[in-house]
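Trainee: Got work_7.pdb for you, PDB, C-alpha atoms:
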ATOM      1  CA  MET J   1    -112.116 -72.080  85.734
ATOM      2  CA  ASP J   2    -111.471 -72.482  81.992
ATOM      3  CA  ASP J   3    -114.604 -74.555  81.718
ATOM      4  CA  ARG J   4    -116.673 -71.797  83.281
ATOM      5  CA  ASN J   5    -115.000 -69.225  81.067
ATOM      6  CA  ASN J   6    -115.960 -71.273  78.010
ATOM      7  CA  GLN J   7    -119.498 -71.619  79.332
ATOM      8  CA  LEU J   8    -119.711 -67.873  79.783
ATOM      9  CA  ASP J   9    -118.380 -67.267  76.264
ATOM     10  CA  ALA J  10    -120.968 -69.672  74.877
ATOM     11  CA  LEU J  11    -123.659 -67.933  76.893
ATOM     12  CA  PHE J  12    -122.692 -64.552  75.441
ATOM     13  CA  VAL J  13    -122.844 -65.995  71.918
ATOM     14  CA  ALA J  14    -126.269 -67.486  72.662
ATOM     15  CA  TYR J  15    -127.381 -64.140  74.069
ATOM     16  CA  ARG J  16    -126.258 -62.382  70.876
ATOM     17  CA  ASP J  17    -128.391 -64.853  68.885
ATOM     18  CA  ALA J  18    -131.324 -64.471  71.267
ATOM     19  CA  CYS J  19    -131.281 -60.689  70.801
ATOM     20  CA  PRO J  20    -131.201 -60.114  67.051
ATOM     21  CA  ASP J  21    -130.931 -56.601  65.587
ATOM     22  CA  PRO J  22    -134.508 -55.265  65.382
ATOM     23  CA  GLU J  23    -135.859 -54.051  62.041
ATOM     24  CA  PRO J  24    -136.424 -50.289  61.966
ATOM     25  CA  SER J  25    -140.033 -49.224  61.634
ATOM     26  CA  ALA J  26    -141.355 -47.415  58.552
ATOM     27  CA  SER J  27    -141.587 -44.189  60.513
ATOM     28  CA  PHE J  28    -137.930 -44.265  61.591
ATOM     29  CA  MET J  29    -136.509 -41.993  58.881
ATOM     30  CA  PRO J  30    -139.443 -39.501  58.751
ATOM     31  CA  ALA J  31    -139.354 -39.185  62.544
ATOM     32  CA  LEU J  32    -135.578 -38.687  62.462
ATOM     33  CA  TRP J  33    -135.835 -35.901  59.858
ATOM     34  CA  GLN J  34    -138.640 -34.301  61.847
ATOM     35  CA  ARG J  35    -136.316 -34.198  64.880
ATOM     36  CA  ILE J  36    -133.458 -32.838  62.767
ATOM     37  CA  GLU J  37    -135.705 -30.082  61.377
ATOM     38  CA  GLY J  38    -137.015 -29.303  64.861
ATOM     39  CA  ARG J  39    -133.489 -28.987  66.213
ATOM     40  CA  ARG J  40    -132.457 -26.954  63.152
ATOM     41  CA  SER J  41    -134.978 -24.205  64.003
ATOM     42  CA  THR J  42    -133.760 -24.189  67.611
ATOM     43  CA  PHE J  43    -130.178 -24.094  66.304
ATOM     44  CA  GLY J  44    -131.083 -21.227  63.961
ATOM     45  CA  LEU J  45    -132.593 -19.276  66.833
ATOM     46  CA  ARG J  46    -129.574 -20.021  68.983
ATOM     47  CA  ARG J  47    -127.232 -18.943  66.179
ATOM     48  CA  LEU J  48    -129.274 -15.729  65.744
ATOM     49  CA  THR J  49    -129.061 -15.043  69.482
ATOM     50  CA  ARG J  50    -125.309 -15.707  69.390
ATOM     51  CA  GLY J  51    -124.934 -13.331  66.428
ATOM     52  CA  PHE J  52    -126.944 -10.662  68.208
ATOM     53  CA  LEU J  53    -124.834 -11.081  71.335
ATOM     54  CA  ALA J  54    -121.588 -10.885  69.359
ATOM     55  CA  THR J  55    -122.795  -7.702  67.629
ATOM     56  CA  ALA J  56    -123.842  -6.198  70.968
ATOM     57  CA  ILE J  57    -120.438  -7.013  72.494
ATOM     58  CA  ALA J  58    -118.628  -5.532  69.489
ATOM     59  CA  LEU J  59    -120.778  -2.399  69.691
ATOM     60  CA  CYS J  60    -120.077  -2.066  73.414
ATOM     61  CA  ALA J  61    -116.355  -2.403  72.757
ATOM     62  CA  MET J  62    -116.536   0.233  70.027
ATOM     63  CA  MET J  63    -118.545   2.599  72.220
ATOM     64  CA  SER J  64    -116.126   2.255  75.096
ATOM     65  CA  ALA J  65    -113.245   2.803  72.693
ATOM     66  CA  VAL J  66    -114.958   5.932  71.393
ATOM     67  CA  LEU J  67    -115.511   7.135  74.956
ATOM     68  CA  VAL J  68    -111.973   6.445  76.036
ATOM     69  CA  LEU J  69    -110.100   7.619  72.940
ATOM     70  CA  PRO J  70    -111.420  11.242  72.825
ATOM     71  CA  ASP J  71    -110.119  11.741  76.351
ATOM     72  CA  ASN J  72    -106.668  10.729  75.214
ATOM     73  CA  SER J  73    -106.881  12.748  72.022
ATOM     74  CA  SER J  74    -108.282  15.843  73.797
ATOM     75  CA  SER J  75    -105.451  15.723  76.313
ATOM     76  CA  THR J  76    -102.939  15.548  73.498
ATOM     77  CA  ALA J  77    -104.835  18.297  71.681
ATOM     78  CA  ASN J  78    -104.774  20.416  74.803
ATOM     79  CA  GLU J  79    -101.180  19.655  75.314
ATOM     80  CA  SER J  80    -100.293  20.515  71.783
ATOM     81  CA  TYR J  81    -102.457  23.655  71.951
ATOM     82  CA  LEU J  82    -100.718  24.739  75.137
ATOM     83  CA  GLU J  83     -97.429  23.845  73.664
ATOM     84  CA  LEU J  84     -98.293  25.810  70.528
ATOM     85  CA  LEU J  85     -99.494  28.722  72.633
ATOM     86  CA  SER J  86     -96.389  28.721  74.740
ATOM     87  CA  GLU J  87     -94.248  28.262  71.697
ATOM     88  CA  SER J  88     -95.939  31.193  69.909
ATOM     89  CA  HIS J  89     -95.561  33.325  73.041
ATOM     90  CA  THR J  90     -91.959  32.416  73.298
ATOM     91  CA  THR J  91     -91.331  33.236  69.675
ATOM     92  CA  SER J  92     -93.201  36.579  69.861
ATOM     93  CA  ASP J  93     -91.390  37.444  73.086
ATOM     94  CA  GLU J  94     -88.140  36.477  71.495
ATOM     95  CA  ALA J  95     -89.074  38.557  68.429
ATOM     96  CA  THR J  96     -89.996  41.497  70.634
ATOM     97  CA  LEU J  97     -86.897  41.004  72.616
ATOM     98  CA  ALA J  98     -84.966  40.603  69.417
ATOM     99  CA  GLY J  99     -86.702  43.741  67.964
ATOM    100  CA  TRP J 100     -85.918  45.840  71.051
ATOM    101  CA  THR J 101     -82.440  44.694  71.099
ATOM    102  CA  GLN J 102     -82.131  45.606  67.462
ATOM    103  CA  ALA J 103     -83.727  49.065  68.000
ATOM    104  CA  GLU J 104     -81.665  49.598  71.061
ATOM    105  CA  MET J 105     -78.668  48.429  69.241
ATOM    106  CA  SER J 106     -79.350  50.759  66.286
ATOM    107  CA  GLU J 107     -79.999  53.638  68.764
ATOM    108  CA  ASN J 108     -76.777  52.862  70.457
ATOM    109  CA  LEU J 109     -75.043  52.734  67.151
ATOM    110  CA  HIS J 110     -76.424  56.155  66.142
TER
ATOM    111  CA  MET I   1    -117.162 -49.962  57.135
ATOM    112  CA  LEU I   2    -120.704 -50.179  55.828
ATOM    113  CA  VAL I   3    -120.288 -46.980  53.757
ATOM    114  CA  ASP I   4    -117.342 -45.516  51.885
ATOM    115  CA  PHE I   5    -115.375 -42.511  53.069
ATOM    116  CA  GLU I   6    -116.641 -40.406  50.186
ATOM    117  CA  GLN I   7    -120.222 -40.791  51.399
ATOM    118  CA  ILE I   8    -119.243 -39.648  54.889
ATOM    119  CA  GLN I   9    -117.371 -36.680  53.447
ATOM    120  CA  ARG I  10    -120.415 -35.719  51.362
ATOM    121  CA  ALA I  11    -122.619 -35.969  54.468
ATOM    122  CA  GLN I  12    -120.078 -33.792  56.304
ATOM    123  CA  ALA I  13    -120.340 -31.227  53.530
ATOM    124  CA  GLY I  14    -124.094 -31.017  54.171
ATOM    125  CA  ASP I  15    -125.414 -33.474  51.569
ATOM    126  CA  ASP I  16    -128.655 -34.738  53.151
ATOM    127  CA  ALA I  17    -129.006 -37.598  50.652
ATOM    128  CA  ALA I  18    -125.553 -38.890  51.654
ATOM    129  CA  PHE I  19    -126.484 -38.582  55.338
ATOM    130  CA  ASN I  20    -129.656 -40.567  54.625
ATOM    131  CA  GLN I  21    -127.540 -43.329  53.074
ATOM    132  CA  VAL I  22    -125.229 -43.403  56.085
ATOM    133  CA  VAL I  23    -128.216 -43.707  58.457
ATOM    134  CA  THR I  24    -129.816 -46.404  56.319
ATOM    135  CA  ALA I  25    -126.565 -48.394  56.342
ATOM    136  CA  TYR I  26    -126.007 -48.219  60.092
ATOM    137  CA  ARG I  27    -129.450 -47.973  61.655
ATOM    138  CA  LYS I  28    -130.065 -51.716  62.023
ATOM    139  CA  ARG I  29    -126.720 -52.311  63.711
ATOM    140  CA  ILE I  30    -127.193 -49.309  65.988
ATOM    141  CA  LEU I  31    -130.755 -50.398  66.839
ATOM    142  CA  GLY I  32    -129.393 -53.834  67.814
ATOM    143  CA  THR I  33    -126.626 -52.409  69.991
ATOM    144  CA  ILE I  34    -129.029 -50.037  71.741
ATOM    145  CA  ALA I  35    -131.549 -52.838  72.257
ATOM    146  CA  ARG I  36    -128.892 -54.907  74.040
ATOM    147  CA  LEU I  37    -127.619 -51.948  76.043
ATOM    148  CA  ILE I  38    -130.892 -50.500  77.307
ATOM    149  CA  GLY I  39    -133.162 -53.544  77.296
ATOM    150  CA  ARG I  40    -136.437 -51.731  76.556
ATOM    151  CA  PRO I  41    -137.605 -52.484  73.008
ATOM    152  CA  GLU I  42    -140.191 -49.692  72.889
ATOM    153  CA  ASP I  43    -137.529 -47.010  73.456
ATOM    154  CA  VAL I  44    -134.870 -48.377  71.120
ATOM    155  CA  GLU I  45    -135.941 -46.322  68.086
ATOM    156  CA  ASP I  46    -136.159 -43.166  70.158
ATOM    157  CA  VAL I  47    -132.592 -43.579  71.431
ATOM    158  CA  ALA I  48    -131.344 -44.520  67.939
ATOM    159  CA  GLN I  49    -132.910 -41.356  66.509
ATOM    160  CA  GLU I  50    -131.161 -39.365  69.231
ATOM    161  CA  VAL I  51    -127.853 -40.984  68.160
ATOM    162  CA  PHE I  52    -128.352 -40.032  64.503
ATOM    163  CA  LEU I  53    -129.561 -36.563  65.476
ATOM    164  CA  ARG I  54    -126.324 -36.016  67.439
ATOM    165  CA  LEU I  55    -124.427 -37.457  64.486
ATOM    166  CA  TYR I  56    -126.077 -34.978  62.106
ATOM    167  CA  TYR I  57    -125.163 -31.962  64.205
ATOM    168  CA  SER I  58    -121.632 -33.054  65.089
ATOM    169  CA  LEU I  59    -120.543 -34.574  61.792
ATOM    170  CA  ASP I  60    -118.504 -31.474  60.961
ATOM    171  CA  GLN I  61    -116.353 -32.156  64.060
ATOM    172  CA  LEU I  62    -115.239 -35.534  62.676
ATOM    173  CA  ARG I  63    -111.638 -34.987  61.544
ATOM    174  CA  THR I  64    -111.063 -38.176  59.551
ATOM    175  CA  PRO I  65    -113.703 -40.538  58.108
ATOM    176  CA  GLU I  66    -111.526 -43.487  59.247
ATOM    177  CA  VAL I  67    -112.641 -43.007  62.837
ATOM    178  CA  PHE I  68    -116.312 -42.773  61.883
ATOM    179  CA  GLU I  69    -117.393 -46.151  63.271
ATOM    180  CA  PRO I  70    -115.795 -45.823  66.749
ATOM    181  CA  TRP I  71    -117.165 -42.330  66.862
ATOM    182  CA  LEU I  72    -120.689 -43.530  66.016
ATOM    183  CA  TYR I  73    -120.351 -46.192  68.727
ATOM    184  CA  ARG I  74    -119.264 -43.502  71.174
ATOM    185  CA  LEU I  75    -122.394 -41.505  70.348
ATOM    186  CA  THR I  76    -124.450 -44.685  70.808
ATOM    187  CA  VAL I  77    -122.895 -45.466  74.185
ATOM    188  CA  ASN I  78    -123.371 -41.867  75.369
ATOM    189  CA  ALA I  79    -127.016 -41.734  74.232
ATOM    190  CA  SER I  80    -127.648 -45.089  75.956
ATOM    191  CA  TYR I  81    -126.042 -43.796  79.157
ATOM    192  CA  ASP I  82    -128.212 -40.674  79.023
ATOM    193  CA  TYR I  83    -131.314 -42.821  78.521
ATOM    194  CA  LEU I  84    -130.397 -45.180  81.369
ATOM    195  CA  ARG I  85    -129.735 -42.232  83.682
ATOM    196  CA  LYS I  86    -133.183 -40.803  82.884
ATOM    197  CA  GLN I  87    -134.727 -44.252  83.332
ATOM    198  CA  ARG I  88    -133.105 -44.630  86.734
ATOM    199  CA  ARG I  89    -134.722 -41.384  87.818
ATOM    200  CA  ARG I  90    -138.085 -42.498  86.436
ATOM    201  CA  SER I  91    -137.897 -45.985  87.923
ATOM    202  CA  GLU I  92    -137.926 -44.453  91.371
ATOM    203  CA  SER I  93    -141.575 -43.593  90.803
ATOM    204  CA  ARG I  94    -142.650 -46.678  88.827
ATOM    205  CA  MET I  95    -140.895 -49.872  89.816
ATOM    206  CA  ALA I  96    -140.630 -53.082  87.813
ATOM    207  CA  ASP I  97    -143.210 -52.259  85.169
ATOM    208  CA  LEU I  98    -143.377 -54.451  82.122
ATOM    209  CA  SER I  99    -143.154 -52.546  78.858
ATOM    210  CA  GLU I 100    -146.259 -52.602  76.672
ATOM    211  CA  GLN I 101    -144.349 -54.277  73.874
ATOM    212  CA  GLN I 102    -143.044 -56.973  76.209
ATOM    213  CA  VAL I 103    -146.617 -57.775  77.300
ATOM    214  CA  LEU I 104    -147.836 -57.885  73.706
ATOM    215  CA  PHE I 105    -144.836 -60.021  72.782
ATOM    216  CA  ALA I 106    -145.506 -62.469  75.591
ATOM    217  CA  ASP I 107    -149.198 -62.686  74.607
ATOM    218  CA  ALA I 108    -148.341 -63.335  70.989
ATOM    219  CA  LEU I 109    -145.825 -65.964  71.988
ATOM    220  CA  ALA I 110    -148.315 -68.034  73.891
ATOM    221  CA  GLY I 111    -150.106 -68.999  70.688
ATOM    222  CA  THR I 112    -147.183 -69.515  68.327
ATOM    223  CA  GLN I 113    -145.506 -72.709  67.324
ATOM    224  CA  HIS I 114    -142.103 -71.089  67.953
ATOM    225  CA  GLY I 115    -143.045 -70.714  71.559
ATOM    226  CA  VAL I 116    -140.596 -73.324  72.848
ATOM    227  CA  GLU I 117    -137.614 -71.889  70.995
ATOM    228  CA  GLU I 118    -138.592 -68.399  72.042
ATOM    229  CA  GLU I 119    -138.905 -69.571  75.637
ATOM    230  CA  ARG I 120    -135.320 -70.858  75.502
ATOM    231  CA  ARG I 121    -134.134 -67.546  74.054
ATOM    232  CA  SER I 122    -136.095 -65.684  76.684
ATOM    233  CA  ARG I 123    -134.386 -67.722  79.430
ATOM    234  CA  ILE I 124    -130.975 -66.921  77.949
ATOM    235  CA  ARG I 125    -131.858 -63.231  77.789
ATOM    236  CA  ASP I 126    -133.054 -63.264  81.403
ATOM    237  CA  LEU I 127    -129.970 -65.136  82.599
ATOM    238  CA  VAL I 128    -127.475 -62.864  80.830
ATOM    239  CA  ASP I 129    -129.395 -59.755  81.902
ATOM    240  CA  THR I 130    -129.247 -60.983  85.517
ATOM    241  CA  LEU I 131    -125.519 -61.692  85.217
ATOM    242  CA  LEU I 132    -124.808 -58.335  83.597
ATOM    243  CA  HIS I 133    -126.663 -56.578  86.368
ATOM    244  CA  SER I 134    -124.193 -57.978  88.893
ATOM    245  CA  VAL I 135    -121.657 -55.409  87.673
ATOM    246  CA  SER I 136    -121.840 -51.631  87.452
ATOM    247  CA  GLU I 137    -123.631 -49.938  84.560
ATOM    248  CA  GLU I 138    -120.314 -48.802  83.046
ATOM    249  CA  ASP I 139    -118.867 -52.326  83.200
ATOM    250  CA  ARG I 140    -122.105 -53.824  81.890
ATOM    251  CA  ILE I 141    -121.942 -51.579  78.805
ATOM    252  CA  LEU I 142    -118.231 -52.281  78.327
ATOM    253  CA  LEU I 143    -118.761 -56.046  78.642
ATOM    254  CA  THR I 144    -121.717 -55.946  76.269
ATOM    255  CA  LEU I 145    -119.687 -54.070  73.662
ATOM    256  CA  LYS I 146    -116.789 -56.519  74.002
ATOM    257  CA  GLU I 147    -118.497 -59.877  74.543
ATOM    258  CA  VAL I 148    -121.841 -59.436  72.801
ATOM    259  CA  GLU I 149    -121.214 -56.801  70.138
ATOM    260  CA  GLY I 150    -117.824 -58.365  69.438
ATOM    261  CA  LEU I 151    -115.803 -55.135  69.379
ATOM    262  CA  SER I 152    -112.049 -55.569  69.624
ATOM    263  CA  LEU I 153    -109.904 -53.951  72.317
ATOM    264  CA  LYS I 154    -108.474 -51.584  69.695
ATOM    265  CA  GLU I 155    -111.999 -50.443  68.782
ATOM    266  CA  LEU I 156    -112.920 -50.040  72.447
ATOM    267  CA  GLU I 157    -109.762 -48.023  72.983
ATOM    268  CA  ARG I 158    -110.893 -45.610  70.253
ATOM    269  CA  ILE I 159    -114.430 -45.416  71.684
ATOM    270  CA  TYR I 160    -113.461 -44.872  75.317
ATOM    271  CA  HIS I 161    -110.175 -42.995  74.746
ATOM    272  CA  VAL I 162    -108.679 -45.280  77.392
ATOM    273  CA  LYS I 163    -105.486 -47.355  77.040
ATOM    274  CA  GLU I 164    -105.929 -50.983  76.001
ATOM    275  CA  ASN I 165    -104.290 -52.289  79.186
ATOM    276  CA  ALA I 166    -106.654 -50.309  81.418
ATOM    277  CA  LEU I 167    -109.602 -51.718  79.458
ATOM    278  CA  LYS I 168    -108.203 -55.251  79.795
ATOM    279  CA  VAL I 169    -107.993 -54.871  83.573
ATOM    280  CA  ARG I 170    -111.524 -53.484  83.774
ATOM    281  CA  LEU I 171    -112.895 -56.254  81.567
ATOM    282  CA  PHE I 172    -111.046 -58.921  83.528
ATOM    283  CA  ARG I 173    -112.460 -57.669  86.845
ATOM    284  CA  ALA I 174    -115.982 -57.368  85.442
ATOM    285  CA  ARG I 175    -115.777 -60.852  83.972
ATOM    286  CA  LYS I 176    -114.531 -62.219  87.268
ATOM    287  CA  ARG I 177    -117.524 -60.688  89.050
ATOM    288  CA  ILE I 178    -119.859 -62.172  86.430
ATOM    289  CA  LEU I 179    -118.254 -65.585  86.849
ATOM    290  CA  ARG I 180    -118.763 -65.343  90.584
ATOM    291  CA  ALA I 181    -122.474 -64.678  89.998
ATOM    292  CA  PHE I 182    -122.694 -67.325  87.267
ATOM    293  CA  PRO I 183    -123.601 -70.444  89.297
ATOM    294  CA  ASN I 184    -126.045 -68.460  91.417
ATOM    295  CA  ALA I 185    -127.835 -67.095  88.357
ATOM    296  CA  MET I 186    -128.118 -70.583  86.837
ATOM    297  CA  GLY I 187    -129.452 -72.017  90.065
ATOM    298  CA  PRO I 188    -128.186 -75.070  91.987
ATOM    299  CA  GLY I 189    -127.757 -78.070  89.737
ATOM    300  CA  ASN I 190    -128.900 -76.143  86.700
ATOM    301  CA  SER I 191    -126.848 -76.728  83.607
ATOM    302  CA  GLY I 192    -128.059 -73.556  81.958
ATOM    303  CA  PRO I 193    -130.868 -72.518  79.664
ATOM    304  CA  GLY I 194    -129.973 -74.740  76.745
ATOM    305  CA  VAL I 195    -126.567 -73.252  76.128
ATOM    306  CA  GLY I 196    -123.920 -75.576  74.834
ATOM    307  CA  THR I 197    -120.244 -75.154  75.546
ATOM    308  CA  GLU I 198    -119.401 -75.037  71.850
ATOM    309  CA  GLU I 199    -116.325 -73.093  70.909
ATOM    310  CA  ARG I 200    -116.888 -69.410  70.461
ATOM    311  CA  LYS I 201    -116.202 -67.967  67.047
ATOM    312  CA  ASP I 202    -113.170 -65.711  66.995
ATOM    313  CA  ARG I 203    -114.068 -62.125  66.222
TER
END
Would you mind writing the structure in this file as structure tokens?

Mentor:
Amino acid sequence: MDDRNNQLDALFVAYRDACPDPEPSASFMPALWQRIEGRRSTFGLRRLTRGFLATAIALCAMMSAVLVLPDNSSSTANESYLELLSESHTTSDEATLAGWTQAEMSENLH
Amino acid sequence: MLVDFEQIQRAQAGDDAAFNQVVTAYRKRILGTIARLIGRPEDVEDVAQEVFLRLYYSLDQLRTPEVFEPWLYRLTVNASYDYLRKQRRRSESRMADLSEQQVLFADALAGTQHGVEEERRSRIRDLVDTLLHSVSEEDRILLTLKEVEGLSLKELERIYHVKENALKVRLFRARKRILRAFPNAMGPGNSGPGVGTEERKDR
């Protein structure tokens, strides 16, 4: 078994020698840069699309926030208006009541 | 390392001249590895360019320059896998075609004085290719990286992100399968294509 293992090891070494590293051709680097540039334009377009999408999503979020928030604020405004109205009524009623009581009281006094 | 860390860091920062130097330093080695992994000389440059293209666009993901080499090997293995997968699909339509370069190479060989030596090398290549095809594609690539490219188990561990022991088991099983196919590939009574049993250099 060891003998065959050694034979196999030797065969792998011989194979490594029989398949030397090939020399790159003269067009290797220009072709590589051409591919990099080609991918760069695709990447740029993809990045632009991503940016556009992100802006669109942000805009949508803002719009929905704008649409939702006025509802909340109007309800609080209405509430506060009603509250103010009721408060003012209460105070005027109280004042009237207070005024009548005073007049009545002064009449009673006289 | 064929380049220093500083050069890799400059390439990471977007310095194209530094990237060019990195490619120039590694291209021959990567071309050799791809040639032995895919076995089609005419497509080796194409796959190597794909490796360096992926390297260019993923260099910013490399956390430490120390792991650059295993990482480059990982890109090489992945690009070779992708190529072989595509080839498998193509080979369904065109079976056993000789590449143009192989034909030209064989023609040129016929008239050269190195013909005999080249014939011996060709027999070795054929024999090892036959043996390596007796295991799965994954095991063939793993065995080639270990036994032919001479990568250590530690390096393979970094490339595959698999524990050393698991790799050892996989290599042992693949080697066992190759050994089983060994006498058959050599033929009955054949002592091999001029391969001595000299001691293998430790890597």

Trainee: Considering only C-alpha atoms, return as a PyMOL selection string whatever protein or nucleic-acid residues lie within 9 Å of segment 11-21 of chain I, sequence-local ones (same chain, fewer than 4 positions apart) excluded.

Mentor: (chain J and resi 29) or (chain I and resi 3+6-7+25-26+56+58-62)

Trainee: Between chain J and chain I, at 10 Å or less, what are the per-residue closest atom pairs and their distances in Å? Count only C-alpha atoms, order by chain and rising residue number, and return it as CSV.

Mentor:
residue,atom,partner,partner_atom,distance
J:Met1,CA,I:Leu179,CA,9.0
J:Asp3,CA,I:Thr197,CA,8.4
J:Arg4,CA,I:Leu179,CA,7.3
J:Asn5,CA,I:Leu179,CA,7.6
J:Asn6,CA,I:Thr197,CA,6.3
J:Gln7,CA,I:Thr197,CA,5.2
J:Leu8,CA,I:Leu179,CA,7.6
J:Asp9,CA,I:Arg200,CA,6.4
J:Ala10,CA,I:Thr197,CA,5.6
J:Leu11,CA,I:Val195,CA,6.1
J:Phe12,CA,I:Val148,CA,5.8
J:Val13,CA,I:Val148,CA,6.7
J:Ala14,CA,I:Val195,CA,6.7
J:Tyr15,CA,I:Arg125,CA,5.9
J:Arg16,CA,I:Val148,CA,5.6
J:Asp17,CA,I:Arg121,CA,8.2
J:Ala18,CA,I:Arg121,CA,5.0
J:Cys19,CA,I:Arg36,CA,7.0
J:Pro20,CA,I:Gly32,CA,6.6
J:Asp21,CA,I:Gly32,CA,3.9
J:Pro22,CA,I:Gly32,CA,5.8
J:Glu23,CA,I:Lys28,CA,6.2
J:Pro24,CA,I:Lys28,CA,6.5
J:Ser25,CA,I:Glu45,CA,8.2
J:Ser27,CA,I:Glu45,CA,9.7
J:Phe28,CA,I:Glu45,CA,7.1
J:Met29,CA,I:Asn20,CA,8.2
J:Ala31,CA,I:Gln49,CA,7.9
J:Leu32,CA,I:Gln49,CA,5.5
J:Trp33,CA,I:Leu53,CA,8.4
J:Arg35,CA,I:Leu53,CA,7.2
J:Ile36,CA,I:Leu53,CA,6.0
J:Glu37,CA,I:Leu53,CA,9.8
J:Arg39,CA,I:Leu53,CA,8.6
J:Arg40,CA,I:Tyr57,CA,8.9
J:Phe43,CA,I:Tyr57,CA,9.6

Trainee: Under the PyMOL selection byres ((chain I and resi 70-76) around 8), which residues of this model are included? Write them out as a list in words.

Mentor: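 Selected by the PyMOL selection byres ((chain I and resi 70-76) around 8) here: Ile30, Ile34, Ala48, Val51, Arg54, Leu55, Val67, Phe68, Glu69, Val77, Asn78, Ala79, Ser80, Glu155, Leu156, Arg158, Ile159 and Tyr160 of chain I.
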
Trainee: Go ahead and compute the interatomic distance for atom CA of Asp82 of chain I and atom CA of Ser152 of chain I, in Å to one decimal.

Mentor: 23.9 Å

Trainee: Report the distance between atom CA of Pro65 of chain I and atom CA of Ile8 of chain I in Å, rounded to one decimal place.

Mentor: 6.5 Å

Trainee: Work out how far atom CA of Arg140 of chain I is from atom CA of Arg88 of chain I, in Å to one decimal.

Mentor: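 Interatomic distance here is 15.1 Å.
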